[in-house]
>>> print(open('my_file33.txt').read())   # compact mmCIF, C-alpha atoms
# COMPACT_ATOMS: atom_id res chain seq x y z
CA MET A 1 -5.41 -5.31 16.36
CA ILE A 2 -5.13 -9.09 16.08
CA GLN A 3 -2.13 -10.43 17.97
CA PRO A 4 -0.23 -13.49 16.76
CA ASP A 5 -0.60 -16.66 18.76
CA LYS A 6 2.16 -16.47 21.38
CA LYS A 7 2.64 -20.22 21.68
CA GLN A 8 2.80 -20.54 17.92
CA ASN A 9 5.43 -17.82 17.63
CA GLU A 10 7.56 -19.11 20.49
CA GLY A 11 7.27 -22.68 19.36
CA LYS A 12 9.17 -24.50 16.69
CA TRP A 13 7.60 -25.68 13.49
CA GLU A 14 9.37 -28.65 12.00
CA ARG A 15 8.72 -30.41 8.79
CA SER A 16 10.79 -33.25 7.41
CA VAL A 17 10.49 -34.85 4.03
CA GLU A 18 11.79 -38.19 2.88
CA GLU A 19 15.41 -38.06 1.68
CA ASN A 20 14.41 -39.50 -1.67
CA ASP A 21 12.38 -36.33 -2.27
CA SER A 22 15.71 -34.47 -2.28
CA THR A 23 14.49 -32.12 0.45
CA LEU A 24 15.11 -32.13 4.16
CA TYR A 25 14.54 -29.02 6.15
CA THR A 26 13.62 -27.78 9.57
CA LEU A 27 12.08 -24.34 9.94
CA HIS A 28 12.45 -22.62 13.31
CA SER A 29 9.93 -19.88 13.96
CA THR A 30 10.51 -17.59 16.92
CA LEU A 31 8.84 -14.47 15.60
CA ASP A 32 6.13 -13.73 13.08
CA LYS A 33 8.07 -10.95 11.40
CA PHE A 34 5.46 -10.56 8.70
CA HIS A 35 2.58 -9.96 11.09
CA ASP A 36 2.12 -6.25 10.38
CA ILE A 37 1.97 -6.63 6.59
CA ARG A 38 0.67 -10.09 5.74
CA PRO A 39 -2.92 -11.21 5.12
CA TYR A 40 -4.73 -12.84 7.98
CA GLU A 41 -4.08 -16.52 8.57
CA THR A 42 -6.68 -19.22 9.06
CA GLY A 43 -6.85 -18.92 12.86
CA GLU A 44 -7.31 -15.15 12.71
CA MET A 45 -10.28 -14.87 10.37
CA ARG A 46 -13.06 -15.14 12.96
CA GLN A 47 -11.63 -12.42 15.19
CA ALA A 48 -10.97 -10.18 12.19
CA PHE A 49 -14.61 -10.59 11.16
CA GLU A 50 -15.91 -9.71 14.62
CA ASP A 51 -13.64 -6.66 14.77
CA LEU A 52 -15.01 -5.60 11.38
CA LEU A 53 -18.59 -5.79 12.63
CA ALA A 54 -17.65 -3.73 15.69
CA ASP A 55 -16.13 -0.93 13.59
CA ARG A 56 -18.30 2.24 13.55
CA GLN A 57 -17.12 3.39 10.10
CA PHE A 58 -17.80 -0.04 8.59
CA ASN A 59 -21.32 0.00 10.01
CA LEU A 60 -21.95 3.41 8.48
CA VAL A 61 -20.90 2.00 5.10
CA MET A 62 -23.16 -1.01 5.53
CA LYS A 63 -26.02 1.29 6.51
CA GLY A 64 -25.61 3.05 3.18
CA PHE A 65 -26.27 -0.21 1.31
CA ALA A 66 -29.38 -1.12 3.29
CA PRO A 67 -30.63 1.88 5.31
CA TRP A 68 -33.90 0.12 6.17
CA LEU A 69 -32.11 -2.81 7.81
CA PRO A 70 -31.39 -2.54 11.56
CA ARG A 71 -27.83 -3.18 12.66
CA TRP A 72 -28.65 -6.36 14.58
CA ALA A 73 -30.31 -7.83 11.49
CA SER A 74 -27.44 -6.99 9.12
CA HIS A 75 -24.93 -8.43 11.59
CA GLY A 76 -27.03 -11.57 11.92
CA ILE A 77 -27.12 -12.03 8.15
CA LEU A 78 -23.35 -11.49 7.85
CA ARG A 79 -22.62 -13.91 10.70
CA LEU A 80 -24.80 -16.52 9.04
CA MET A 81 -22.96 -16.03 5.76
CA PHE A 82 -19.61 -16.28 7.55
CA ARG A 83 -20.28 -19.81 8.80
CA GLY A 84 -17.72 -22.19 7.36
CA VAL A 85 -15.35 -19.37 6.37
CA ASN A 86 -12.00 -20.36 7.84
CA THR A 87 -9.46 -19.02 5.37
CA PRO A 88 -9.03 -15.90 3.24
CA LEU A 89 -9.76 -18.05 0.17
CA ASP A 90 -13.05 -19.12 1.77
CA PHE A 91 -13.84 -15.46 2.37
CA GLN A 92 -13.12 -14.59 -1.25
CA LYS A 93 -15.35 -17.36 -2.56
CA ARG A 94 -18.19 -16.64 -0.14
CA PHE A 95 -18.22 -12.84 -0.13
CA MET A 96 -16.05 -11.40 -2.90
CA LYS A 97 -16.81 -13.74 -5.80
CA PRO A 98 -20.52 -12.79 -5.95
CA VAL A 99 -19.63 -9.09 -5.71
CA VAL A 100 -17.10 -9.30 -8.56
CA LYS A 101 -19.51 -11.31 -10.72
CA HIS A 102 -22.13 -8.62 -10.15
CA ILE A 103 -19.68 -5.90 -11.22
CA ILE A 104 -18.81 -7.85 -14.36
CA ARG A 105 -22.50 -8.26 -15.23
CA LYS A 106 -23.43 -4.64 -14.58
CA LYS A 107 -20.28 -2.66 -15.42
CA THR A 108 -18.54 -4.58 -18.23
CA ASP A 109 -19.41 -6.23 -21.51
CA GLY A 110 -17.72 -9.39 -20.30
CA THR A 111 -14.25 -10.56 -19.26
CA THR A 112 -12.05 -13.02 -21.15
CA PHE A 113 -8.92 -14.90 -20.08
CA ASP A 114 -6.14 -16.35 -22.24
CA GLU A 115 -4.04 -18.86 -20.31
CA THR A 116 -2.83 -20.88 -23.29
CA GLU A 117 0.84 -20.03 -22.70
CA LEU A 118 0.80 -21.28 -19.10
CA PRO A 119 1.79 -24.88 -18.29
CA ARG A 120 -1.07 -27.34 -18.09
CA ASP A 121 -0.19 -28.17 -14.48
CA LYS A 122 -2.56 -25.89 -12.58
CA SER A 123 -0.98 -26.71 -9.23
CA LEU A 124 1.99 -24.48 -10.08
CA ARG A 125 2.24 -21.08 -8.38
CA TYR A 126 3.06 -17.81 -10.11
CA THR A 127 3.99 -14.22 -9.46
CA PHE A 128 1.86 -12.28 -11.95
CA VAL A 129 3.53 -8.99 -12.93
CA SER A 130 1.09 -6.86 -14.88
CA ASN A 131 0.23 -3.44 -16.15
CA HIS A 132 -2.11 -1.59 -13.80
CA ARG A 133 -5.44 -0.11 -14.80
CA ASP A 134 -7.72 -0.21 -11.77
CA ILE A 135 -6.79 0.05 -8.07
CA VAL A 136 -9.22 -2.63 -6.91
CA LEU A 137 -10.45 -4.62 -9.89
CA ASP A 138 -7.21 -5.62 -11.63
CA SER A 139 -6.53 -8.29 -9.02
CA ALA A 140 -10.20 -8.96 -8.22
CA PHE A 141 -10.97 -9.89 -11.83
CA LEU A 142 -7.86 -12.09 -11.90
CA ASP A 143 -9.01 -13.91 -8.76
CA LEU A 144 -12.32 -14.77 -10.36
CA LEU A 145 -10.77 -15.77 -13.68
CA LEU A 146 -8.34 -18.14 -11.96
CA VAL A 147 -11.06 -19.82 -9.90
CA ASP A 148 -13.46 -20.08 -12.84
CA ASN A 149 -10.72 -21.65 -14.97
CA GLY A 150 -9.92 -24.43 -12.51
CA TYR A 151 -6.97 -23.01 -10.57
CA PRO A 152 -6.96 -24.08 -6.91
CA THR A 153 -6.28 -20.66 -5.45
CA THR A 154 -6.34 -16.95 -6.20
CA VAL A 155 -3.64 -14.29 -5.70
CA GLU A 156 -2.22 -12.39 -2.78
CA ILE A 157 -1.80 -8.73 -3.65
CA GLY A 158 0.23 -5.79 -2.43
CA ILE A 159 -1.81 -2.70 -1.58
CA GLY A 160 -0.35 0.66 -0.57
CA ASP A 161 -1.09 1.82 2.96
CA ASN A 162 -2.04 5.22 1.51
CA LEU A 163 -5.30 3.56 0.44
CA LEU A 164 -5.98 2.07 3.87
CA ILE A 165 -7.33 5.30 5.30
CA TYR A 166 -9.71 3.61 7.75
CA PRO A 167 -8.97 0.64 10.04
CA TRP A 168 -11.90 -1.28 8.57
CA ILE A 169 -10.46 -1.02 5.05
CA LYS A 170 -7.11 -2.42 6.22
CA ARG A 171 -8.89 -5.21 8.07
CA LEU A 172 -11.08 -6.05 5.09
CA VAL A 173 -8.26 -6.20 2.54
CA ARG A 174 -6.16 -8.40 4.82
CA MET A 175 -9.12 -10.78 5.02
CA ASN A 176 -9.10 -10.66 1.22
CA LYS A 177 -5.49 -11.91 0.80
CA ALA A 178 -3.80 -8.50 0.64
CA PHE A 179 -0.43 -7.65 2.13
CA VAL A 180 0.42 -4.07 2.99
CA VAL A 181 2.95 -1.97 1.06
CA ARG A 182 4.20 0.95 3.11
CA ARG A 183 4.39 4.35 1.40
CA GLY A 184 5.92 7.73 2.28
CA LEU A 185 9.04 6.34 3.95
CA THR A 186 12.54 7.69 4.41
CA PRO A 187 15.20 6.07 2.18
CA HIS A 188 16.41 3.89 5.07
CA GLU A 189 12.87 2.84 6.00
CA MET A 190 12.14 2.11 2.34
CA ILE A 191 15.05 -0.33 2.13
CA GLU A 192 13.92 -2.15 5.27
CA SER A 193 10.30 -2.23 4.11
CA SER A 194 11.25 -3.50 0.64
CA MET A 195 13.40 -6.24 2.12
CA LEU A 196 10.57 -7.39 4.39
CA MET A 197 8.04 -7.34 1.55
CA SER A 198 10.35 -9.28 -0.75
CA GLN A 199 10.97 -11.89 1.92
CA TYR A 200 7.24 -12.18 2.42
CA ILE A 201 6.56 -12.63 -1.31
CA HIS A 202 9.13 -15.43 -1.52
CA HIS A 203 7.59 -17.01 1.60
CA ALA A 204 4.08 -16.76 0.12
CA VAL A 205 5.02 -18.39 -3.19
CA ASN A 206 7.33 -21.10 -1.91
CA ASP A 207 6.12 -21.91 1.62
CA LYS A 208 2.45 -20.93 1.62
CA LYS A 209 2.03 -22.04 -2.03
CA GLU A 210 0.17 -18.87 -2.97
CA ASN A 211 0.10 -16.88 -6.19
CA ILE A 212 1.11 -13.23 -6.09
CA TRP A 213 -0.15 -10.30 -8.18
CA ILE A 214 1.98 -7.19 -8.31
CA ALA A 215 1.89 -4.17 -10.60
CA GLN A 216 4.90 -3.58 -12.85
CA ARG A 217 5.37 -0.12 -11.33
CA GLU A 218 4.39 1.85 -8.25
CA GLY A 219 0.94 3.24 -8.98
CA ARG A 220 -0.86 3.27 -12.31
CA ALA A 221 0.63 4.55 -15.56
CA LYS A 222 -1.85 7.39 -15.96
CA ASP A 223 -1.12 7.75 -19.68
CA SER A 224 -1.33 3.94 -20.18
CA ASP A 225 2.28 3.85 -21.43
CA ASP A 226 2.99 0.74 -19.39
CA ARG A 227 6.65 0.28 -18.41
CA THR A 228 8.14 -2.05 -15.83
CA GLN A 229 10.20 -0.27 -13.21
CA ASP A 230 13.57 -1.91 -12.64
CA SER A 231 13.12 -1.06 -8.95
CA VAL A 232 10.12 -3.41 -8.69
CA LEU A 233 12.24 -6.32 -9.95
CA LYS A 234 15.12 -5.33 -7.68
CA MET A 235 12.70 -5.40 -4.75
CA LEU A 236 11.55 -8.91 -5.71
CA ALA A 237 15.19 -10.06 -5.71
CA MET A 238 15.91 -8.75 -2.22
CA GLY A 239 14.42 -11.91 -0.73
CA GLY A 240 15.26 -15.52 -1.52
CA GLU A 241 18.65 -17.14 -1.91
CA GLY A 242 21.31 -17.43 -4.59
CA SER A 243 22.17 -15.11 -7.46
CA GLN A 244 19.90 -12.33 -8.69
CA ALA A 245 18.72 -14.60 -11.51
CA GLU A 246 18.02 -17.47 -9.09
CA LYS A 247 16.06 -15.21 -6.75
CA ILE A 248 13.86 -13.99 -9.60
CA ALA A 249 13.43 -17.51 -11.01
CA ASP A 250 12.34 -18.62 -7.54
CA LEU A 251 9.15 -16.55 -7.97
CA ASN A 252 8.08 -18.03 -11.34
CA ILE A 253 7.12 -14.67 -12.84
CA VAL A 254 4.36 -14.48 -15.46
CA PRO A 255 3.92 -11.20 -17.39
CA LEU A 256 0.20 -10.43 -17.55
CA ALA A 257 -1.46 -8.01 -19.97
CA ILE A 258 -4.67 -6.36 -18.74
CA SER A 259 -6.82 -4.62 -21.34
CA TYR A 260 -9.90 -2.48 -20.61
CA GLU A 261 -11.95 -1.14 -23.51
CA PHE A 262 -12.86 1.91 -21.42
CA ASP A 263 -11.18 3.22 -18.29
CA PRO A 264 -13.80 4.81 -16.02
CA CYS A 265 -11.06 6.76 -14.24
CA ASP A 266 -9.72 8.32 -17.46
CA TYR A 267 -11.22 11.73 -16.73
CA LEU A 268 -9.86 11.70 -13.16
CA LYS A 269 -6.39 10.91 -14.51
CA ALA A 270 -6.69 13.70 -17.09
CA LYS A 271 -7.79 16.10 -14.36
CA GLU A 272 -4.73 15.17 -12.31
CA PHE A 273 -2.48 15.79 -15.34
CA GLN A 274 -3.75 19.38 -15.58
CA GLN A 275 -3.55 19.93 -11.83
CA LYS A 276 0.11 18.85 -11.85
CA ARG A 277 0.81 20.91 -14.96
CA ASP A 278 -0.65 24.02 -13.34
CA ASN A 279 0.83 23.29 -9.91
CA PRO A 280 3.86 20.95 -9.87
CA ARG A 281 3.44 20.55 -6.10
CA HIS A 282 -0.07 19.18 -6.41
CA LYS A 283 -0.68 15.91 -4.57
CA LYS A 284 -3.76 13.74 -4.45
CA SER A 285 -5.75 13.77 -1.23
CA LYS A 286 -7.13 10.73 0.57
CA GLN A 287 -10.52 11.67 -0.82
CA ASP A 288 -9.05 11.63 -4.34
CA ASP A 289 -7.86 8.05 -3.73
CA LEU A 290 -11.32 7.05 -2.53
CA ASP A 291 -12.94 8.71 -5.56
CA ASN A 292 -10.62 6.77 -7.88
CA MET A 293 -11.44 3.50 -6.13
CA LYS A 294 -15.18 4.14 -6.24
CA THR A 295 -15.19 5.32 -9.86
CA GLY A 296 -13.04 2.38 -10.95
CA ILE A 297 -15.36 -0.14 -9.33
CA PHE A 298 -18.71 1.31 -10.36
CA GLY A 299 -17.78 2.86 -13.73
CA TYR A 300 -18.39 1.27 -17.12
CA LYS A 301 -15.40 -0.65 -18.52
CA GLY A 302 -16.67 -2.21 -21.72
CA ARG A 303 -14.82 -5.38 -22.65
CA VAL A 304 -12.03 -6.62 -20.38
CA HIS A 305 -9.31 -9.10 -21.37
CA TYR A 306 -6.51 -10.79 -19.41
CA HIS A 307 -3.67 -12.50 -21.28
CA CYS A 308 -0.89 -14.47 -19.58
CA ALA A 309 2.50 -14.67 -21.27
CA ARG A 310 4.84 -17.61 -20.90
CA PRO A 311 6.58 -17.78 -17.49
CA LEU A 312 9.94 -16.01 -17.58
CA ASN A 313 12.08 -18.82 -16.16
CA GLU A 314 13.00 -20.23 -19.57
CA TYR A 315 14.06 -16.77 -20.72
CA ILE A 316 16.07 -16.24 -17.52
CA SER A 317 17.86 -19.56 -17.97
CA GLU A 318 18.94 -18.47 -21.46
CA MET A 319 20.26 -15.09 -20.29
CA ASP A 320 23.97 -14.72 -19.74
CA ALA A 321 23.22 -13.23 -16.34
CA GLY A 322 26.68 -13.96 -14.99
CA SER A 323 28.29 -11.53 -17.42
CA MET A 324 25.79 -8.76 -16.71
CA THR A 325 25.92 -6.08 -14.07
CA LYS A 326 23.00 -5.99 -11.65
CA ASN A 327 21.48 -3.00 -13.42
CA GLU A 328 21.90 -4.58 -16.86
CA PHE A 329 20.19 -7.78 -15.72
CA PHE A 330 17.15 -6.05 -14.25
CA HIS A 331 16.84 -3.64 -17.18
CA ALA A 332 16.89 -6.53 -19.68
CA LEU A 333 14.28 -8.37 -17.62
CA ALA A 334 12.07 -5.27 -17.43
CA GLU A 335 12.25 -4.85 -21.21
CA LYS A 336 11.26 -8.48 -21.69
CA ILE A 337 8.24 -8.07 -19.42
CA ASP A 338 7.24 -4.91 -21.30
CA SER A 339 7.51 -6.66 -24.66
CA ASP A 340 5.46 -9.62 -23.42
CA ILE A 341 2.74 -7.37 -22.00
CA HIS A 342 2.59 -4.96 -24.95
CA SER A 343 2.35 -7.73 -27.54
CA ARG A 344 -0.54 -9.37 -25.69
CA TYR A 345 -2.83 -6.38 -25.32
CA ARG A 346 -6.34 -6.91 -26.57
CA LEU A 347 -6.92 -3.78 -28.66
CA PHE A 348 -10.38 -2.30 -29.23
CA PRO A 349 -11.73 0.22 -31.76
CA SER A 350 -11.30 2.98 -29.17
CA ASN A 351 -7.52 2.49 -29.22
CA PHE A 352 -7.27 2.96 -32.97
CA VAL A 353 -9.75 5.85 -33.11
CA ALA A 354 -7.65 7.66 -30.49
CA LEU A 355 -4.43 6.93 -32.37
CA ASP A 356 -5.80 8.37 -35.60
CA ALA A 357 -7.32 11.37 -33.82
CA LEU A 358 -3.92 12.30 -32.39
CA SER A 359 -2.10 11.87 -35.70
CA GLY A 360 -4.82 13.57 -37.74
CA THR A 361 -4.95 10.64 -40.18
CA ASP A 362 -7.16 7.65 -40.93
CA GLU A 363 -4.24 5.23 -41.09
CA HIS A 364 -5.96 2.71 -38.85
CA ALA A 365 -9.49 3.18 -40.18
CA PRO A 366 -9.78 -0.54 -41.17
CA GLU A 367 -9.74 -1.32 -37.42
CA TYR A 368 -12.99 0.56 -36.67
CA THR A 369 -16.29 1.56 -38.22
CA GLY A 370 -17.95 4.95 -38.45
CA LYS A 371 -20.25 3.88 -35.63
CA ASP A 372 -17.23 2.91 -33.50
CA LYS A 373 -15.70 6.34 -34.07
CA GLU A 374 -18.92 8.18 -33.27
CA ARG A 375 -19.40 6.14 -30.10
CA PHE A 376 -15.88 6.81 -28.85
CA GLU A 377 -16.03 10.54 -29.60
CA LYS A 378 -19.32 10.77 -27.72
CA TYR A 379 -17.78 8.85 -24.82
CA ILE A 380 -14.78 11.21 -24.62
CA ASP A 381 -17.06 14.25 -24.67
CA GLY A 382 -19.09 12.76 -21.81
CA GLN A 383 -16.00 12.03 -19.72
CA LEU A 384 -14.59 15.53 -20.32
CA ALA A 385 -17.85 17.01 -19.09
CA LYS A 386 -17.29 15.34 -15.72
CA ILE A 387 -14.06 17.26 -15.06
CA ASP A 388 -14.62 20.13 -12.64
CA LEU A 389 -11.65 22.47 -12.80
CA GLU A 390 -11.68 26.24 -12.40
CA ASN A 391 -9.34 26.85 -15.36
CA LYS A 392 -10.40 23.87 -17.42
CA ASP A 393 -8.15 23.39 -20.46
CA GLU A 394 -10.38 21.37 -22.81
CA ASP A 395 -7.76 20.87 -25.53
CA PHE A 396 -5.12 19.67 -23.09
CA LEU A 397 -7.54 17.34 -21.27
CA ARG A 398 -8.80 15.85 -24.54
CA GLU A 399 -5.23 15.22 -25.72
CA ARG A 400 -4.40 13.52 -22.40
CA MET A 401 -7.43 11.24 -22.62
CA LEU A 402 -6.82 10.34 -26.25
CA THR A 403 -3.20 9.52 -25.36
CA MET A 404 -4.40 7.08 -22.68
CA TYR A 405 -6.23 5.09 -25.35
CA ALA A 406 -3.61 5.49 -28.09
CA ASN A 407 -0.57 4.32 -26.10
CA PRO A 408 -1.59 0.65 -25.82
CA ALA A 409 -1.96 0.57 -29.63
CA ARG A 410 1.41 2.29 -30.10
CA ASN A 411 3.11 -0.16 -27.78
CA PHE A 412 1.38 -3.18 -29.34
CA ILE A 413 2.42 -2.15 -32.86
CA ARG A 414 6.00 -1.54 -31.76
CA ALA A 415 6.26 -4.80 -29.78
CA THR A 416 4.78 -7.00 -32.50
CA GLN A 417 7.00 -5.40 -35.15
CA ASP A 418 10.04 -6.04 -32.96
CA LYS A 419 9.09 -9.69 -32.59
CA LEU A 420 8.74 -10.04 -36.37
CA THR A 421 12.15 -8.43 -36.82
CA GLU A 422 13.70 -10.88 -34.33
CA LYS A 423 12.36 -13.79 -36.34
>>> encode(input="my_file33.txt", output="structure tokens")
Amino acid sequence: MIQPDKKQNEGKWERSVEENDSTLYTLHSTLDKFHDIRPYETGEMRQAFEDLLADRQFNLVMKGFAPWLPRWASHGILRLMFRGVNTPLDFQKRFMKPVVKHIIRKKTDGTTFDETELPRDKSLRYTFVSNHRDIVLDSAFLDLLLVDNGYPTTVEIGIGDNLLIYPWIKRLVRMNKAFVVRRGLTPHEMIESSMLMSQYIHHAVNDKKENIWIAQREGRAKDSDDRTQDSVLKMLAMGGEGSQAEKIADLNIVPLAISYEFDPCDYLKAKEFQQKRDNPRHKKSKQDDLDNMKTGIFGYKGRVHYHCARPLNEYISEMDAGSMTKNEFFHALAEKIDSDIHSRYRLFPSNFVALDALSGTDEHAPEYTGKDKERFEKYIDGQLAKIDLENKDEDFLRERMLTMYANPARNFIRATQDKLTEK
């Protein structure tokens, strides 16, 4: 465990700005209250790296990648690569960027990024609220896309502690700009944890000048019917100052639509649907979480597209938030985020083939060719074959998988029609 610098925590950090800048503040720091959840800071990276190398489980993982390489040699190579790495951003650029580029080359047909609705000033910081497809890669792809498109920094991300099943995983993700989201808490603990996380997110955006990525809901929408949970927005408004609207505006939220042509975890999600249907008490194991992470990273994803909507602050300023109840405000904001995400999906032939398959029509046939349909049907058959269940319900599993691909098209059609109606 890395301990915070005692002198730093007991000391006082002061910063003053000229009066003509309209800001004058003094920040007193007596306790690093975010220590247990935040990413590592600059002065902690070296020790975190050494602790990683000393971890037995981590060394077993490394041995799997290069079984012929003795431990002293692999450590020497890693230490050499770590030279000059002082910050989590340095670590991402040195270690993670090449890994993510390799995944894109080998496991996708390319990634694209539409940032045309964002302001031209790339020094601005955002809280990206997006739909959630992959446990690891949603934020990792975004990191790379931001850097490759000239943004000065990447994103800090929230990751559930249910995924941090080994100390080395927790250490590695905190080196990679992740903050920890606690799961499985009592209602009272959940309130305290949410308050702390919200305060940290506000601190990261406004004091540390970092971007944040957060999913629109807890966990992934396994049927790809992406909906923003009001509770996520309420959590974001627990920190900061002012009214609910001012607290949300303080984070400069950008709805982000993530589109994968193929979801390598689709068959695992379908399997879980049947397991919960057959046994409502079914819960995923830690091994299930690891399998989802591994499959998501190393599975084929086809084309991948990220599309940023306009920041929400203009919309928030036009809302009559003062006349709304708290629940009304957050529900309206969630619906706006949903509309922005749904209308910016990049749809692929697979989405329309699935939609027609479920309806038993060829209504959307102009959106795909016979070869597209044949390819998708073959893909679904291959994914279904991977499901190992004792009482395997093929019809149910197929319907669940088709629904995963049809829902983005349904939501896109509905959202774009609504926007036309508004005009």
>>> closest_atom_pairs(input="my_file33.txt", of="region 293-337 of chain A", to="region 246-252 of chain A", cutoff="7 Å", atoms="only C-alpha atoms", output="Markdown table")
| residue | atom | partner | partner_atom | distance |
| --- | --- | --- | --- | --- |
| A:Pro311 | CA | A:Asn252 | CA | 6.3 |
| A:Leu312 | CA | A:Asn252 | CA | 6.8 |
| A:Asn313 | CA | A:Ala249 | CA | 5.5 |
>>> residues_around(input="my_file33.txt", residues="region 141-146 of chain A", least_positions_apart="3", cutoff="7 Å", atoms="all atoms listed in the file", output="PyMOL selection string")
chain A and resi 97+100+113+137-138+149-151+154-155
>>> atom_distance(input="my_file33.txt", atom1="CA of Gly382 (chain A)", atom2="CA of Lys301 (chain A)")
14.3 Å
>>> closest_residue(input="my_file33.txt", among="A:Leu256, A:Ala221, A:Ile297, A:Ile212", to="Thr108 (chain A)", atoms="all atoms listed in the file")
A:Ile297
>>> atom_distance(input="my_file33.txt", atom1="CA of Asp338 (chain A)", atom2="CA of Thr228 (chain A)")
6.2 Å
>>> closest_residue(input="my_file33.txt", among="A:Lys106, A:Arg281, A:Arg410, A:His132", to="Gly219 (chain A)", atoms="all atoms listed in the file")
A:His132
>>> closest_residue(input="my_file33.txt", among="A:Ala332, A:Ile337, A:Leu196, A:Met404", to="Asp263 (chain A)", atoms="only C-alpha atoms")
A:Met404
>>> closest_residue(input="my_file33.txt", among="A:Leu355, A:Glu390, A:His342, A:Glu41", to="Phe412 (chain A)", atoms="all atoms listed in the file")
A:His342
>>> residues_around(input="my_file33.txt", residues="Gly184 (chain A)", least_positions_apart="4", cutoff="12 Å", atoms="all atoms listed in the file", output="PDB file with C-alpha atoms, keeping the file's coordinate frame")
ATOM      1  CA  GLY A 160      -0.350   0.660  -0.570  1.00  0.00           C
ATOM      2  CA  ASP A 161      -1.090   1.820   2.960  1.00  0.00           C
ATOM      3  CA  ASN A 162      -2.040   5.220   1.510  1.00  0.00           C
ATOM      4  CA  HIS A 188      16.410   3.890   5.070  1.00  0.00           C
ATOM      5  CA  GLU A 189      12.870   2.840   6.000  1.00  0.00           C
ATOM      6  CA  MET A 190      12.140   2.110   2.340  1.00  0.00           C
ATOM      7  CA  SER A 193      10.300  -2.230   4.110  1.00  0.00           C
TER       8      SER A 193
END
>>> residues_around(input="my_file33.txt", residues="Glu399 (chain A)", least_positions_apart="6", cutoff="12 Å", atoms="all atoms listed in the file", output="list in words")
Asp223, Asp266, Tyr267, Ala270, Lys271, Phe273, Gln274, Ala354, Leu355, Ala357, Leu358, Ser359, Ile380, Asp381, Leu384, Asp393, Tyr405, Ala406 and Asn407 of chain A
>>> residues_around(input="my_file33.txt", residues="Lys373 (chain A)", least_positions_apart="4", cutoff="10 Å", atoms="all atoms listed in the file", output="number ranges by chain")
A: 349-350, 352-354, 357, 365, 368-369, 377-379
>>> atom_distance(input="my_file33.txt", atom1="CA of Leu52 (chain A)", atom2="CA of Leu172 (chain A)")
7.4 Å
>>> residues_near_point(input="my_file33.txt", point="(-22.7, -6.3, 10.5)", cutoff="9 Å", atoms="only C-alpha atoms", output="PyMOL selection string")
chain A and resi 50+52-54+58-59+62+71-79
>>> closest_residue(input="my_file33.txt", among="A:His305, A:Arg94, A:Lys336, A:Arg125", to="His202 (chain A)", atoms="all atoms listed in the file")
A:Arg125
>>> closest_residue(input="my_file33.txt", among="A:Asp395, A:Asp134, A:Asp230, A:Asp388", to="Gln275 (chain A)", atoms="all atoms listed in the file")
A:Asp388
>>> residues_around(input="my_file33.txt", residues="Met195 (chain A)", least_positions_apart="4", cutoff="7 Å", atoms="all atoms listed in the file", output="ChimeraX atom specification")
/A:191,199,235,238-239
>>> residues_near_point(input="my_file33.txt", point="(-8.3, -16.1, 9.7)", cutoff="12 Å", atoms="only C-alpha atoms", output="PyMOL selection string")
chain A and resi 2-5+38-51+82+84-91+171-172+174-177
>>> closest_atom_pairs(input="my_file33.txt", of="region 151-217 of chain A", to="region 286-289 of chain A", cutoff="10 Å", atoms="all atoms listed in the file", output="Markdown table")
| residue | atom | partner | partner_atom | distance |
| --- | --- | --- | --- | --- |
| A:Asn162 | CA | A:Lys286 | CA | 7.6 |
| A:Leu163 | CA | A:Asp289 | CA | 6.6 |
| A:Leu164 | CA | A:Lys286 | CA | 9.3 |
| A:Ile165 | CA | A:Lys286 | CA | 7.2 |
